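Participant: Here you go, this is query-v9.tsv (TSV, C-alpha atoms).
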```tsv
chain	number	residue	atom	x	y	z
A	20	MET	CA	-65.73	142.38	20.58
A	21	ILE	CA	-62.22	143.85	20.61
A	22	ILE	CA	-61.21	146.66	22.92
A	23	LYS	CA	-58.06	148.33	21.67
A	24	HIS	CA	-56.94	150.17	24.76
A	25	ARG	CA	-55.98	148.54	28.05
A	26	ALA	CA	-56.89	151.71	29.96
A	27	LYS	CA	-60.39	151.69	28.47
A	28	TYR	CA	-60.75	148.05	29.50
A	29	ILE	CA	-59.76	148.97	33.05
A	30	SER	CA	-62.21	151.86	33.13
A	31	ILE	CA	-64.98	149.62	31.83
A	32	CYS	CA	-64.24	147.09	34.55
A	33	GLN	CA	-64.27	149.86	37.13
A	34	ASN	CA	-67.73	150.92	36.08
A	35	ILE	CA	-69.01	147.35	36.13
A	36	ALA	CA	-67.57	146.87	39.62
A	37	PHE	CA	-69.25	150.11	40.76
A	38	TYR	CA	-72.54	149.06	39.22
A	39	GLU	CA	-72.30	145.65	40.85
A	40	ILE	CA	-71.63	147.08	44.31
A	41	ASN	CA	-74.34	149.73	44.22
A	42	SER	CA	-77.20	148.13	42.33
A	43	ILE	CA	-78.98	144.88	43.16
A	44	LYS	CA	-80.37	144.83	39.63
A	45	ALA	CA	-76.91	145.17	38.11
A	46	ARG	CA	-75.54	142.56	40.50
A	47	ASN	CA	-78.10	140.06	39.31
A	48	ARG	CA	-77.69	140.96	35.66
A	49	TYR	CA	-73.90	141.08	35.48
A	50	LYS	CA	-72.84	138.60	38.17
A	51	LYS	CA	-71.20	136.17	35.77
A	52	PRO	CA	-69.60	138.84	33.54
A	53	VAL	CA	-68.12	140.64	36.56
A	54	ILE	CA	-66.54	137.42	37.81
A	55	GLN	CA	-65.05	136.77	34.38
A	56	VAL	CA	-63.80	140.34	34.04
A	57	ARG	CA	-62.17	140.19	37.46
A	58	ALA	CA	-60.43	136.96	36.51
A	59	ARG	CA	-59.06	138.64	33.41
A	60	MET	CA	-58.03	141.67	35.45
A	61	MET	CA	-55.66	139.72	37.69
A	62	ASN	CA	-52.82	140.00	35.19
A	63	LEU	CA	-53.65	143.59	34.22
A	64	VAL	CA	-53.51	145.03	37.72
A	65	MET	CA	-50.00	143.64	38.13
A	66	VAL	CA	-48.66	145.76	35.27
A	67	SER	CA	-46.66	148.75	36.46
A	68	HIS	CA	-48.04	152.20	35.74
A	69	SER	CA	-45.25	153.00	33.28
A	70	LYS	CA	-45.76	149.74	31.40
A	71	LEU	CA	-49.50	150.35	31.38
A	72	ASP	CA	-49.00	153.79	29.83
A	73	ARG	CA	-46.68	152.39	27.17
A	74	SER	CA	-49.13	149.63	26.32
A	75	LEU	CA	-52.17	151.84	25.69
A	76	SER	CA	-51.62	152.05	21.96
A	77	HIS	CA	-50.54	148.44	21.54
A	78	SER	CA	-52.79	146.24	23.64
A	79	VAL	CA	-55.56	144.28	21.99
A	80	ILE	CA	-57.74	142.51	24.54
A	81	HIS	CA	-60.46	140.11	23.47
A	82	SER	CA	-63.61	139.99	25.60
A	83	THR	CA	-67.16	138.79	25.17
A	84	VAL	CA	-68.44	139.71	28.61
A	85	VAL	CA	-68.46	143.52	28.88
A	86	PRO	CA	-72.03	144.90	28.71
A	87	SER	CA	-72.56	147.25	25.78
A	88	PRO	CA	-73.68	150.33	27.82
A	89	TYR	CA	-70.05	150.77	28.90
A	90	LEU	CA	-68.43	150.75	25.47
A	91	TRP	CA	-68.82	154.46	24.76
A	92	LEU	CA	-66.48	156.09	27.28
A	93	ASN	CA	-64.74	159.14	25.90
A	94	LYS	CA	-60.94	159.30	25.96
A	95	THR	CA	-60.82	161.90	28.74
A	96	THR	CA	-62.85	159.65	31.04
A	97	VAL	CA	-60.64	156.69	30.19
A	98	TYR	CA	-57.45	158.49	31.17
A	99	GLN	CA	-59.01	160.06	34.24
A	100	HIS	CA	-60.02	156.67	35.65
A	101	GLN	CA	-57.45	154.29	34.22
A	102	TYR	CA	-55.82	153.55	37.58
A	103	SER	CA	-58.82	153.75	39.89
A	104	ILE	CA	-59.55	150.06	39.26
A	105	TYR	CA	-56.68	149.39	41.68
A	106	GLN	CA	-58.67	150.94	44.50
A	107	LYS	CA	-61.88	149.19	43.42
A	108	LEU	CA	-60.21	145.81	43.39
A	109	SER	CA	-58.38	146.42	46.67
A	110	CYS	CA	-61.73	146.74	48.40
A	111	THR	CA	-62.62	143.19	47.39
A	112	VAL	CA	-59.22	141.48	47.77
A	113	THR	CA	-59.03	139.25	50.84
A	114	MET	CA	-55.72	137.93	52.09
A	115	LYS	CA	-55.61	135.16	54.67
A	116	VAL	CA	-52.82	134.53	57.14
A	117	ALA	CA	-51.08	131.18	57.58
A	118	ALA	CA	-49.16	130.57	60.79
A	119	ASN	CA	-45.55	129.57	60.23
A	120	LEU	CA	-45.02	126.70	62.66
A	121	THR	CA	-41.24	126.85	62.45
A	122	PHE	CA	-41.30	130.28	64.09
A	123	MET	CA	-44.64	130.44	65.88
A	124	PHE	CA	-46.16	128.46	68.77
A	125	ASN	CA	-42.84	127.00	69.88
A	126	GLU	CA	-44.10	127.42	73.44
A	127	ALA	CA	-46.54	124.59	72.71
A	128	GLY	CA	-43.75	122.06	72.21
A	129	GLY	CA	-42.96	119.89	69.19
A	130	LEU	CA	-44.25	120.34	65.64
A	131	LEU	CA	-47.46	118.34	66.06
A	132	ALA	CA	-48.35	120.28	69.21
A	133	ARG	CA	-47.84	123.54	67.29
A	134	TYR	CA	-50.50	122.51	64.76
A	135	LYS	CA	-52.99	122.13	67.57
A	136	ALA	CA	-51.94	125.42	69.15
A	137	ALA	CA	-52.40	127.23	65.83
A	138	LYS	CA	-55.87	125.78	65.50
A	139	LYS	CA	-56.73	126.83	69.04
A	140	ALA	CA	-55.59	130.37	68.24
A	141	GLY	CA	-58.04	130.50	65.33
A	142	PHE	CA	-55.83	129.77	62.33
A	143	LEU	CA	-57.25	127.83	59.40
A	144	ALA	CA	-53.99	127.47	57.47
A	145	VAL	CA	-50.35	126.84	58.31
A	146	GLU	CA	-46.93	126.59	56.74
A	147	CYS	CA	-43.72	125.15	58.10
A	148	ALA	CA	-40.18	125.01	56.85
A	149	PHE	CA	-39.13	121.49	57.70
A	150	PRO	CA	-41.74	118.87	58.62
A	151	TYR	CA	-39.24	116.10	57.86
A	152	SER	CA	-38.37	115.36	61.48
A	153	VAL	CA	-41.88	113.93	61.89
A	154	PRO	CA	-43.29	111.02	59.82
A	155	ALA	CA	-45.53	112.37	57.08
A	156	GLN	CA	-48.46	110.25	58.23
A	157	ASP	CA	-48.30	111.83	61.70
A	158	VAL	CA	-48.54	115.29	60.13
A	159	VAL	CA	-51.42	114.10	57.97
A	160	SER	CA	-53.21	112.86	61.09
A	161	VAL	CA	-52.90	116.16	62.91
A	162	LEU	CA	-54.04	118.04	59.81
A	163	ARG	CA	-57.15	115.86	59.68
A	164	GLU	CA	-57.73	116.27	63.40
A	165	THR	CA	-57.47	120.06	63.31
A	166	GLY	CA	-58.88	120.69	59.84
A	167	LEU	CA	-55.93	122.95	59.06
A	168	LYS	CA	-54.74	123.55	55.51
A	169	GLN	CA	-51.03	123.12	54.77
A	170	VAL	CA	-50.14	125.85	52.26
A	171	LEU	CA	-46.34	125.61	52.11
A	172	ILE	CA	-43.33	123.52	53.06
A	173	ASN	CA	-39.65	124.02	52.32
A	174	SER	CA	-37.65	121.46	50.41
A	175	ASP	CA	-35.73	118.89	52.43
A	176	PRO	CA	-32.68	120.86	53.65
A	177	GLY	CA	-30.35	117.98	54.39
A	178	ASN	CA	-28.42	118.09	57.66
A	179	LEU	CA	-29.56	121.20	59.50
A	180	GLU	CA	-27.20	120.54	62.40
A	181	ALA	CA	-24.30	120.64	59.95
A	182	GLY	CA	-25.56	123.94	58.56
A	183	GLU	CA	-27.04	122.61	55.33
A	184	LEU	CA	-29.96	124.53	53.83
A	185	GLY	CA	-30.67	122.61	50.65
A	186	PHE	CA	-28.60	121.71	47.61
A	187	ALA	CA	-30.21	123.32	44.56
A	188	ALA	CA	-27.30	125.69	43.86
A	189	VAL	CA	-24.45	123.58	45.22
A	190	PRO	CA	-22.18	122.15	42.49
A	191	GLY	CA	-21.48	118.46	42.90
A	192	GLN	CA	-24.64	117.88	44.95
A	193	GLU	CA	-27.01	117.31	42.04
A	194	GLU	CA	-27.95	113.76	43.02
A	195	ARG	CA	-28.58	114.78	46.61
A	196	PHE	CA	-30.80	117.56	45.32
A	197	LYS	CA	-32.84	115.15	43.22
A	198	GLN	CA	-33.24	112.80	46.19
A	199	SER	CA	-34.25	115.64	48.50
A	200	LEU	CA	-36.72	116.90	45.89
A	201	GLU	CA	-38.43	113.52	45.71
A	202	LYS	CA	-38.69	113.44	49.50
A	203	SER	CA	-40.15	116.95	49.48
A	204	ILE	CA	-42.69	116.03	46.81
A	205	ALA	CA	-43.73	112.94	48.76
A	206	TYR	CA	-44.38	115.05	51.88
A	207	ALA	CA	-46.20	117.74	49.91
A	208	LYS	CA	-48.51	115.20	48.27
A	209	ALA	CA	-49.23	113.49	51.58
A	210	LEU	CA	-50.04	116.85	53.21
A	211	ASN	CA	-52.06	118.02	50.18
A	212	CYS	CA	-49.68	120.98	49.96
A	213	HIS	CA	-49.26	122.62	46.57
A	214	LYS	CA	-46.24	124.85	47.14
A	215	ILE	CA	-42.62	123.94	47.93
A	216	HIS	CA	-39.92	126.49	48.68
A	217	ILE	CA	-36.86	125.12	46.87
A	218	MET	CA	-33.83	126.11	48.93
A	219	SER	CA	-30.67	127.05	47.08
A	220	GLY	CA	-28.26	126.01	49.82
A	221	LYS	CA	-25.11	127.79	50.92
A	222	THR	CA	-22.22	128.92	48.80
A	223	SER	CA	-19.33	126.46	48.50
A	224	HIS	CA	-15.85	127.95	48.72
A	225	ASP	CA	-14.68	125.36	46.20
A	226	HIS	CA	-16.75	126.85	43.37
A	227	ASP	CA	-17.26	130.29	41.86
A	228	GLU	CA	-20.57	132.13	41.55
A	229	ALA	CA	-21.05	131.20	37.90
A	230	SER	CA	-20.84	127.50	38.78
A	231	HIS	CA	-23.39	127.92	41.55
A	232	LEU	CA	-25.74	129.80	39.25
A	233	ALA	CA	-25.47	127.23	36.45
A	234	THR	CA	-26.13	124.43	38.93
A	235	PHE	CA	-29.11	126.28	40.37
A	236	GLU	CA	-30.67	126.81	36.95
A	237	SER	CA	-30.13	123.19	35.92
A	238	ASN	CA	-31.62	121.85	39.14
A	239	LEU	CA	-34.59	124.24	38.96
A	240	ARG	CA	-35.34	123.07	35.42
A	241	HIS	CA	-35.32	119.49	36.67
A	242	ALA	CA	-37.54	120.46	39.60
A	243	VAL	CA	-40.05	122.29	37.40
A	244	ASN	CA	-40.39	119.26	35.13
A	245	ARG	CA	-41.19	117.11	38.16
A	246	LEU	CA	-43.49	119.64	39.81
A	247	VAL	CA	-45.58	120.15	36.69
A	248	THR	CA	-46.54	116.47	36.73
A	249	GLU	CA	-47.46	116.67	40.42
A	250	GLY	CA	-49.46	119.90	40.29
A	251	ILE	CA	-47.06	121.65	42.69
A	252	ILE	CA	-45.58	125.15	42.41
A	253	GLY	CA	-41.90	125.59	43.22
A	254	LEU	CA	-40.86	128.82	44.93
A	255	ILE	CA	-37.44	130.43	45.27
A	256	GLU	CA	-36.78	133.03	47.94
A	257	PRO	CA	-33.91	135.49	48.34
A	258	ILE	CA	-32.76	135.37	51.97
A	259	ASN	CA	-30.83	138.24	53.46
A	260	PRO	CA	-27.16	137.67	54.41
A	261	VAL	CA	-27.58	139.15	57.90
A	262	SER	CA	-30.06	136.49	58.97
A	263	THR	CA	-28.45	133.64	57.03
A	264	PRO	CA	-24.82	134.30	56.09
A	265	GLY	CA	-23.55	132.35	53.11
A	266	TYR	CA	-26.94	131.52	51.58
A	267	PHE	CA	-26.49	131.56	47.81
A	268	LEU	CA	-29.77	133.17	46.73
A	269	ASN	CA	-29.44	136.50	48.54
A	270	ASN	CA	-30.67	139.01	45.96
A	271	TYR	CA	-33.71	139.65	43.75
A	272	PRO	CA	-32.07	140.19	40.34
A	273	THR	CA	-30.79	136.59	40.39
A	274	ALA	CA	-34.20	135.21	41.39
A	275	VAL	CA	-36.03	137.29	38.78
A	276	THR	CA	-33.58	136.29	36.03
A	277	LEU	CA	-33.99	132.60	36.81
A	278	ILE	CA	-37.79	132.74	36.93
A	279	GLU	CA	-38.01	134.67	33.69
A	280	LYS	CA	-35.43	132.47	31.96
A	281	ILE	CA	-37.06	129.18	32.96
A	282	ASN	CA	-40.46	130.73	32.21
A	283	SER	CA	-42.77	128.21	33.86
A	284	PRO	CA	-45.96	128.81	35.87
A	285	ASN	CA	-44.61	126.17	38.25
A	286	LEU	CA	-41.69	128.37	39.31
A	287	ARG	CA	-42.54	131.55	41.19
A	288	LEU	CA	-41.02	133.97	43.65
A	289	GLN	CA	-41.53	133.68	47.39
A	290	LEU	CA	-41.62	137.31	48.49
A	291	ASP	CA	-40.75	137.75	52.14
A	292	VAL	CA	-41.21	141.44	52.93
A	293	PHE	CA	-38.80	141.15	55.88
A	294	HIS	CA	-36.01	139.81	53.65
A	295	MET	CA	-36.82	142.37	50.96
A	296	GLN	CA	-36.41	145.21	53.45
A	297	MET	CA	-33.15	143.75	54.77
A	298	ILE	CA	-31.73	143.13	51.28
A	299	THR	CA	-32.80	146.14	49.26
A	300	GLY	CA	-35.54	148.26	50.88
A	301	ASN	CA	-37.57	150.39	48.44
A	302	VAL	CA	-40.58	148.29	49.41
A	303	SER	CA	-43.31	150.11	47.46
A	304	ASN	CA	-41.57	149.98	44.10
A	305	ASN	CA	-40.26	146.47	44.63
A	306	ILE	CA	-43.73	145.15	45.48
A	307	GLN	CA	-45.06	146.64	42.26
A	308	MET	CA	-42.16	145.22	40.24
A	309	LEU	CA	-41.99	141.75	41.80
A	310	MET	CA	-45.63	140.82	42.36
A	311	PRO	CA	-46.23	139.61	38.78
A	312	LEU	CA	-43.69	136.86	39.52
A	313	THR	CA	-44.80	136.16	43.08
A	314	GLY	CA	-46.51	132.97	44.23
A	315	HIS	CA	-46.39	133.40	48.00
A	316	ILE	CA	-45.84	136.18	50.55
A	317	GLN	CA	-44.34	136.12	54.03
A	318	VAL	CA	-44.03	138.91	56.58
A	319	ALA	CA	-42.15	139.97	59.70
A	320	GLN	CA	-40.99	143.28	61.11
A	321	ALA	CA	-37.46	144.43	60.29
A	322	PRO	CA	-34.82	144.31	61.58
A	323	HIS	CA	-35.60	142.01	64.54
A	324	ARG	CA	-38.06	139.68	62.75
A	325	HIS	CA	-40.84	140.01	65.33
A	326	GLU	CA	-44.56	140.33	64.51
A	327	PRO	CA	-45.48	143.08	62.03
A	328	SER	CA	-47.13	145.24	64.70
A	329	CYS	CA	-43.88	145.64	66.65
A	330	PRO	CA	-41.96	148.91	66.28
A	331	GLY	CA	-39.57	148.67	63.37
A	332	GLU	CA	-38.74	149.79	59.87
A	333	LEU	CA	-41.96	148.73	58.14
A	334	ASP	CA	-45.48	150.17	58.26
A	335	TYR	CA	-47.48	147.06	57.51
A	336	VAL	CA	-50.84	148.79	57.21
A	337	TYR	CA	-49.31	150.60	54.24
A	338	VAL	CA	-47.49	147.50	52.98
A	339	PHE	CA	-50.71	145.48	52.84
A	340	ARG	CA	-52.47	148.31	51.08
A	341	LYS	CA	-49.79	148.17	48.39
A	342	LEU	CA	-50.14	144.39	48.18
A	343	ARG	CA	-53.91	144.67	47.76
A	344	GLU	CA	-53.42	147.11	44.91
A	345	THR	CA	-51.63	144.37	42.98
A	346	GLY	CA	-54.65	142.08	43.29
A	347	TYR	CA	-52.84	139.47	45.40
A	348	ASP	CA	-55.38	137.31	47.22
A	349	GLY	CA	-53.23	134.36	48.29
A	350	TYR	CA	-51.98	133.37	51.71
A	351	VAL	CA	-49.59	135.46	53.78
A	352	GLY	CA	-47.16	133.44	55.84
A	353	ALA	CA	-46.62	134.78	59.36
A	354	GLU	CA	-42.94	133.86	59.47
A	355	TYR	CA	-41.85	135.81	62.51
A	356	LYS	CA	-40.42	135.27	65.98
A	357	PRO	CA	-43.15	136.43	68.37
A	358	SER	CA	-42.01	139.00	70.90
A	359	THR	CA	-44.51	137.46	73.32
A	360	ILE	CA	-46.71	134.38	73.49
A	361	SER	CA	-47.67	133.54	69.91
A	362	GLU	CA	-51.40	133.86	70.57
A	363	ASN	CA	-50.83	137.36	71.95
A	364	SER	CA	-48.90	138.51	68.88
A	365	LEU	CA	-51.81	138.50	66.43
A	366	ASP	CA	-53.20	142.03	66.78
A	367	TRP	CA	-51.59	143.05	63.47
A	368	ILE	CA	-53.98	140.77	61.58
A	369	ASP	CA	-57.03	142.90	62.44
A	370	ARG	CA	-55.04	146.10	62.18
A	371	CYS	CA	-54.05	145.23	58.60
A	372	SER	CA	-57.59	144.01	57.71
A	373	LEU	CA	-56.54	140.39	57.12
A	374	GLN	CA	-58.29	137.14	57.91
A	375	LEU	CA	-57.24	133.88	59.51
```
Would you mind writing the file's structure down as structure tokens?
Facilitator:
Amino acid sequence: MIIKHRAKYISICQNIAFYEINSIKARNRYKKPVIQVRARMMNLVMVSHSKLDRSLSHSVIHSTVVPSPYLWLNKTTVYQHQYSIYQKLSCTVTMKVAANLTFMFNEAGGLLARYKAAKKAGFLAVECAFPYSVPAQDVVSVLRETGLKQVLINSDPGNLEAGELGFAAVPGQEERFKQSLEKSIAYAKALNCHKIHIMSGKTSHDHDEASHLATFESNLRHAVNRLVTEGIIGLIEPINPVSTPGYFLNNYPTAVTLIEKINSPNLRLQLDVFHMQMITGNVSNNIQMLMPLTGHIQVAQAPHRHEPSCPGELDYVYVFRKLRETGYDGYVGAEYKPSTISENSLDWIDRCSLQL
């Protein structure tokens, strides 16, 4: 069957979801269709309200799973309920938190000890910026011992002590970037990690912005071609200039332009709500605009980068409600500097209705 209006499709899905929740009979009858409809809804719920309105007369959505009793909704009902699917879906969206071991559990000691501390605190998943100081096999061993899932690593940054933070946008460093990428891929594969944050590096005073941007795009295209073959998603993340002065990728328009231009499912945005607040603010609208391109989320309170429950500029109960409305159900990286012992900084997880 063909449903000509996106809003009608959303309203139909809403009714199916309601039927599923409130009727055992409907749950049994429509279990498979509801799952399929929800899968198809993931892209729809990311469309902004204005785009959704503009698309009502143009969208043609093919479906073979919507039960016929819901095909005869009148136009008034369709418009009245076209956005309520956001609330229906947000009730079922579950986001899990991954401890960032670069920032958290430093009181436990070195990187391997932090894995064990995260497990003891109840985490099931972790991320870390730079595991490269430890042999990959040692990290693999501690992952097996703890049963933790590695959800993200950063690309090999080069010499951190010399202030290097990657090479992807640094003209003249193309070969170093390719070498660092291969090292990053090798670690990711060993750790069974499917996401790599590709770091742009810092601006070189010897080159103008256009040269940096052209280098970044070229290197990202190379990276995407490699990552596709490995089943890994590359992420790029704008980092605010207060926390990291001189970092090349320090704004969202550049990141969005690159992702849209390269146009690959293996290149997505890493959306750190802390950096977003520090760079541009306008969190509600930016979440709605950027989530269709987003492959991973990180959080911390602004401006001090402590845990989200600390006093600061962001109301994270509200922020997570907005994230749920987009349908995001991936991991949330807890990339913050605890204001206390790491294990005592986790109250925000329950407060924001998240899971470990």
Participant: Taking (-29.1, 118.7, 43.9) in the coordinates of the supplied file, I want to know which residues reach to within 12 Å of it, counting all atoms listed in the file; could you give the answer as number ranges by chain?
Facilitator: A: 174-177, 184-201, 217-220, 231, 233-242
Participant: What does the structure give for the distance between CA of Ile316 in chain A and CA of Leu290 in chain A, in Å to one decimal?
Facilitator: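 Those two atoms sit 4.8 Å apart.
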Participant: How many Å separate CA of Arg133 in chain A from CA of Ser152 in chain A?
Facilitator: 13.8 Å
Participant: For the point (-39.4, 133.9, 45.8) in file coordinates, what residues are within 10 Å, counting only C-alpha atoms? Give the answer as an mmCIF file with C-alpha atoms, in the frame of the given file?
Facilitator:
```cif
data_model
loop_
_atom_site.group_PDB
_atom_site.id
_atom_site.type_symbol
_atom_site.label_atom_id
_atom_site.label_comp_id
_atom_site.auth_asym_id
_atom_site.auth_seq_id
_atom_site.Cartn_x
_atom_site.Cartn_y
_atom_site.Cartn_z
ATOM 1 C CA HIS A 216 -39.920 126.490 48.680
ATOM 2 C CA ILE A 217 -36.860 125.120 46.870
ATOM 3 C CA GLY A 253 -41.900 125.590 43.220
ATOM 4 C CA LEU A 254 -40.860 128.820 44.930
ATOM 5 C CA ILE A 255 -37.440 130.430 45.270
ATOM 6 C CA GLU A 256 -36.780 133.030 47.940
ATOM 7 C CA PRO A 257 -33.910 135.490 48.340
ATOM 8 C CA ILE A 258 -32.760 135.370 51.970
ATOM 9 C CA LEU A 268 -29.770 133.170 46.730
ATOM 10 C CA TYR A 271 -33.710 139.650 43.750
ATOM 11 C CA ALA A 274 -34.200 135.210 41.390
ATOM 12 C CA VAL A 275 -36.030 137.290 38.780
ATOM 13 C CA ILE A 278 -37.790 132.740 36.930
ATOM 14 C CA LEU A 286 -41.690 128.370 39.310
ATOM 15 C CA ARG A 287 -42.540 131.550 41.190
ATOM 16 C CA LEU A 288 -41.020 133.970 43.650
ATOM 17 C CA GLN A 289 -41.530 133.680 47.390
ATOM 18 C CA LEU A 290 -41.620 137.310 48.490
ATOM 19 C CA ASP A 291 -40.750 137.750 52.140
ATOM 20 C CA LEU A 309 -41.990 141.750 41.800
ATOM 21 C CA MET A 310 -45.630 140.820 42.360
ATOM 22 C CA LEU A 312 -43.690 136.860 39.520
ATOM 23 C CA THR A 313 -44.800 136.160 43.080
ATOM 24 C CA GLY A 314 -46.510 132.970 44.230
ATOM 25 C CA HIS A 315 -46.390 133.400 48.000
ATOM 26 C CA ILE A 316 -45.840 136.180 50.550
ATOM 27 C CA GLN A 317 -44.340 136.120 54.030
#
```
Participant: Neighbours of Phe293 in chain A within 8 Å (only C-alpha atoms; same-chain residues fewer than 3 positions away dropped), as a PyMOL selection string?
Facilitator: chain A and resi 296-297+317-322+324
